[in-house]
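What follows is one structure encoded as structure tokens, with my remarks underneath.
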Amino acid sequence: MNIDQFNFAGKKAIVRVDFNVPLDENGKVTDDTRIRGALPTLKKVLADGGALIMMSHMGKPKGKVKAELSLSQIVGNVSAALGVDVKFAKDCGNAEAEAAALQPGEALLLENLRFYPEEEGKPVGVEKGTPEYDEAKKAMKASQKEFAKKLASYADCYVMDAFGTAHRKHASTAVIADYFDADNKMLGYLMEKEVKAVDNVLSNIKRPFTAIMGGSKVSTKIGIIENLLGKVDNLILCGGMTYTFAKAQGGNIGKSICEDDKLDVALDVIKKAKENGVNLVLGTDCIAGDDFKNDCNTQVCPSNNIPEGWEGLDAGPDTRKAFAAAIENAKTILWNGPAGVFEFANFEGGSRAIAEAIAKATANGAFSLIGGGDSVACINKFGMADKVSYISTGGGALLEAIEGKVLPGVAAIKGE
């Protein structure tokens, strides 16, 4: 079912949103991008005359109730964004009364789904790889179905609008869809936009295509890197993984972050890039610090010749120029992951240089897709969100979609 064609009048809709928003130490929302992203879907339900039930996770409580991860802290933000006084159910697994009492035009937010281990469907307190774990996993799968069935019982229809968790086969993102027929389950507007944006990047590539992959670990990005090597013209690898590549090629990296067990993987990426005719852009210089803090001593040095006791914390001036050159002429751009420790003002320059180059290319007609929490945080921090084509709400989901994997949260609706 398509959400545009669906009339929510007189119906209760349970919507899986992604309200996993960052909070400060006082429980105040510091970035409401994800709440705002869900509004078109949520407002459609209410405008049609439906009753709205919102469910989300926050953080990683691993099946335990943790006050600092309670969604009660964001009720005010959601109410203000929706323009409706949002009610709150303190227990998402026992919210029958609250759901039943909900009238058309009213909205209810359920407590953090991950307070229940059944949401993720992972056994708790049992060691992986043991016979006990296999048994516990089987039992947990059955419990997950029951939990999904309970959530489904609150409503007449289901909307999946949490792209950030669409790559997870959780109770609320995929299993719940089994309890609604094809005419009463659908993707929300945000999900449709996200799927279309990924399709735009992969099926409608205008060249040159430049992908920028940042972050600290090669291991978490290797699948996407290998997939991109068959698609891109330029591949920029930056952030902490710079130093794994530098060390793999015989460089000295001081005390920089490095995955020593992935040196062969780094060399393999270099080899495959060459074989595929991809311009692989790696950092040649960096801004190194003598401590992991904003006000440490710094020096610019080659990425493969960092003195002992120092660590690379940002891309250096030559590297920034090389990055900009590979970005500014591109017609399709994908950015996931910063170039340095952008949270520290003194080490945000590399990420800012990337953002500025993307903004320039976008102004010249490129399609730019920014995804992954840190890249989105960068673009927002630098005040450039309106200078790129599309900002994705998903990190892992975006990467898996680009990797060509079927997302369980999409498959559950489309019946794939």
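Order determines the names: the first chain of the structure tokens is A, the second B, and so forth; residues in each chain are numbered 1 upward, and ligands are numbered 1 upward as they are shown.
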Practice item. Apply DSSP to the backbone of this structure and, from region 80-217 of chain A, keep only the residues in alpha helix (DSSP H); write these as a ChimeraX atom specification. Key: /A:80-82,96-101,117-120,131-152,189-203
Review point. Skipping near chain neighbours, those fewer than 4 positions away, what residues fall within 6 Å of region 397-405 of chain A using only C-alpha atoms, listed as a list in words?
Key: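 Selected residues are Gly164, Ala166, His167, Ile224 and Asn227 of chain A.
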Review point. Taking into account only C-alpha atoms, which residue in the set A:Met140, A:Ile270, A:Ala47, A:Cys157 is nearest to Ile14 (chain A)?
Key: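 Of A:Met140, A:Ile270, A:Ala47, A:Cys157, the one nearest Ile14 (chain A) is A:Cys157, counting only C-alpha atoms.
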Review point. From the set A:Glu194, A:Glu68, A:Glu25, A:Asp181, which residue has the shortest atom-to-atom contact distance to Val410 (chain A), counting only C-alpha atoms?
Key: A:Glu194
Practice item. Considering only C-alpha atoms, return as a ChimeraX atom specification whatever protein or nucleic-acid residues lie within 10 Å of Gly312 (chain A), sequence-local ones (same chain, fewer than 3 positions apart) excluded. Key: /A:239-240,242-243,253-257,285-292,298-304,306-307,315-316,340-341,347
Take the residues from that selection and put them in a file with C-alpha atoms, as a PDB file, in the first residue's frame.
ATOM      1  CA  GLY A 239      39.398   9.741   9.175  1.00  0.00           C
ATOM      2  CA  GLY A 240      41.005   7.167  11.440  1.00  0.00           C
ATOM      3  CA  THR A 242      43.918   6.741   7.030  1.00  0.00           C
ATOM      4  CA  TYR A 243      46.490   5.367   9.460  1.00  0.00           C
ATOM      5  CA  ILE A 253      51.976   6.387  12.403  1.00  0.00           C
ATOM      6  CA  GLY A 254      53.012   7.158  15.987  1.00  0.00           C
ATOM      7  CA  LYS A 255      50.165   6.336  18.336  1.00  0.00           C
ATOM      8  CA  SER A 256      47.425   6.926  15.730  1.00  0.00           C
ATOM      9  CA  ILE A 257      44.392   4.666  15.668  1.00  0.00           C
ATOM     10  CA  ASP A 285      49.555  14.747   5.465  1.00  0.00           C
ATOM     11  CA  CYS A 286      47.729  15.176   8.750  1.00  0.00           C
ATOM     12  CA  ILE A 287      47.377  17.417  11.762  1.00  0.00           C
ATOM     13  CA  ALA A 288      48.826  15.388  14.601  1.00  0.00           C
ATOM     14  CA  GLY A 289      48.309  15.992  18.306  1.00  0.00           C
ATOM     15  CA  ASP A 290      50.294  14.876  21.346  1.00  0.00           C
ATOM     16  CA  ASP A 291      47.072  14.068  23.229  1.00  0.00           C
ATOM     17  CA  PHE A 292      43.452  13.251  22.388  1.00  0.00           C
ATOM     18  CA  THR A 298      49.729  20.095  17.215  1.00  0.00           C
ATOM     19  CA  GLN A 299      51.956  19.782  14.181  1.00  0.00           C
ATOM     20  CA  VAL A 300      51.451  19.096  10.481  1.00  0.00           C
ATOM     21  CA  CYS A 301      53.321  16.005   9.333  1.00  0.00           C
ATOM     22  CA  PRO A 302      53.162  13.324   6.620  1.00  0.00           C
ATOM     23  CA  SER A 303      50.463  10.718   7.335  1.00  0.00           C
ATOM     24  CA  ASN A 304      53.093   8.005   6.963  1.00  0.00           C
ATOM     25  CA  ILE A 306      54.112  10.670  12.455  1.00  0.00           C
ATOM     26  CA  PRO A 307      56.526  11.008  15.397  1.00  0.00           C
ATOM     27  CA  ALA A 315      43.473  15.801   7.489  1.00  0.00           C
ATOM     28  CA  GLY A 316      46.367  18.145   6.701  1.00  0.00           C
ATOM     29  CA  GLY A 340      38.997  13.879  11.645  1.00  0.00           C
ATOM     30  CA  VAL A 341      37.888  14.408  15.223  1.00  0.00           C
ATOM     31  CA  PHE A 347      40.341  19.282  14.349  1.00  0.00           C
TER      32      PHE A 347
END
Practice item. Might you pull out every residue within 8 Å of Leu263 (chain A), with only C-alpha atoms counted and same-chain residues fewer than 4 positions away left off, and present them as a ChimeraX atom specification? Key: /A:244-245,247-248,259,267
Taking C-alpha atoms for each residue, export the selection above as an mmCIF file, in the first residue's frame.
data_model
loop_
_atom_site.group_PDB
_atom_site.id
_atom_site.type_symbol
_atom_site.label_atom_id
_atom_site.label_comp_id
_atom_site.auth_asym_id
_atom_site.auth_seq_id
_atom_site.Cartn_x
_atom_site.Cartn_y
_atom_site.Cartn_z
ATOM 1 C CA THR A 244 45.679 1.707 8.829
ATOM 2 C CA PHE A 245 46.403 2.399 5.137
ATOM 3 C CA LYS A 247 50.916 1.569 8.182
ATOM 4 C CA ALA A 248 49.985 -1.101 5.629
ATOM 5 C CA GLU A 259 43.583 -1.891 12.909
ATOM 6 C CA LEU A 267 46.572 -3.327 0.636
#
Practice item. Counting only C-alpha atoms, figure out which residue out of A:Leu46, A:Val159, A:Leu151, A:Val86 gets nearest to Arg16 (chain A). Key: A:Val159
**Study point:** Expected answer as JSON, numbers by chain: strand (DSSP E) residues in region 82-257 of chain A
**Key:** {"A": [87, 88, 89, 107, 108, 109, 110, 157, 158, 159, 160, 185, 186, 187, 209, 210, 211, 212, 213, 234, 235, 236, 237, 252, 253]}
Practice item. Mind checking which residues fall within 6 Å of region 111-121 of chain A, counting only C-alpha atoms, ignoring those fewer than 5 positions away in the same chain, and posting them as an MDAnalysis selection string? Key: chainID A and resid 56:57 63:65 71 89:92 140:141 144 170:171
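Every protein, DNA or RNA residue with an atom at most 8 Å from Asn329 (chain A), where only C-alpha atoms count and chain neighbours fewer than 2 positions away do not, is listed here: A:Pro208, A:Ala325, A:Ala326, A:Ile327, A:Lys331, A:Ala361.
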Check your understanding: Within 9 Å of Thr393 (chain A), counting only C-alpha atoms, which residues qualify if same-chain residues fewer than 2 places away don't, as a list in words?
Key ->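 Near neighbours after the sequence-gap exclusion: Asp18, Thr33, Arg34, Gly37, Ala162, Phe163, Gly164, Leu190, Glu194, Ile370, Gly371, Gly372, Gly373, Val376, Ile391, Gly395, Ala397 and Leu398 of chain A.
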**Study point:** Separation of CA of Ala211 (chain A) from CA of Asn336 (chain A), in Å and rounded to one decimal
**Key:**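 Rounded to one decimal, the two atoms are 8.1 Å apart.
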Point to revise | A:Phe8, A:Phe147, A:Trp310, A:Tyr154 ranked by distance to Ala99 (chain A), top pick (using only C-alpha atoms) | key: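 Of A:Phe8, A:Phe147, A:Trp310, A:Tyr154, the one nearest Ala99 (chain A) is A:Tyr154, counting only C-alpha atoms.
Across the model, the gap from CA of Leu235 (chain A) to CA of Phe209 (chain A) is 8.6 Å.
For the residues A:Val78, A:Leu52, A:Ala353, A:Met1, ranking by smallest atom-to-atom distance to Ala100 (chain A) using only C-alpha atoms places A:Leu52 first.
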**Study point:** Interatomic distance, CA of Glu98 (chain A) to CA of Val29 (chain A) (Å, one decimal)
**Key:**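 So the two atoms, CA of Glu98 (chain A) and CA of Val29 (chain A), lie 25.2 Å apart.
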Check your understanding: So which one's closest to Ile333 (chain A), A:Leu369, A:Val218, A:Ala38, A:Ala95? Using only C-alpha atoms, please.
Key ->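 The shortest atom-to-atom distance to Ile333 (chain A) comes from A:Leu369.
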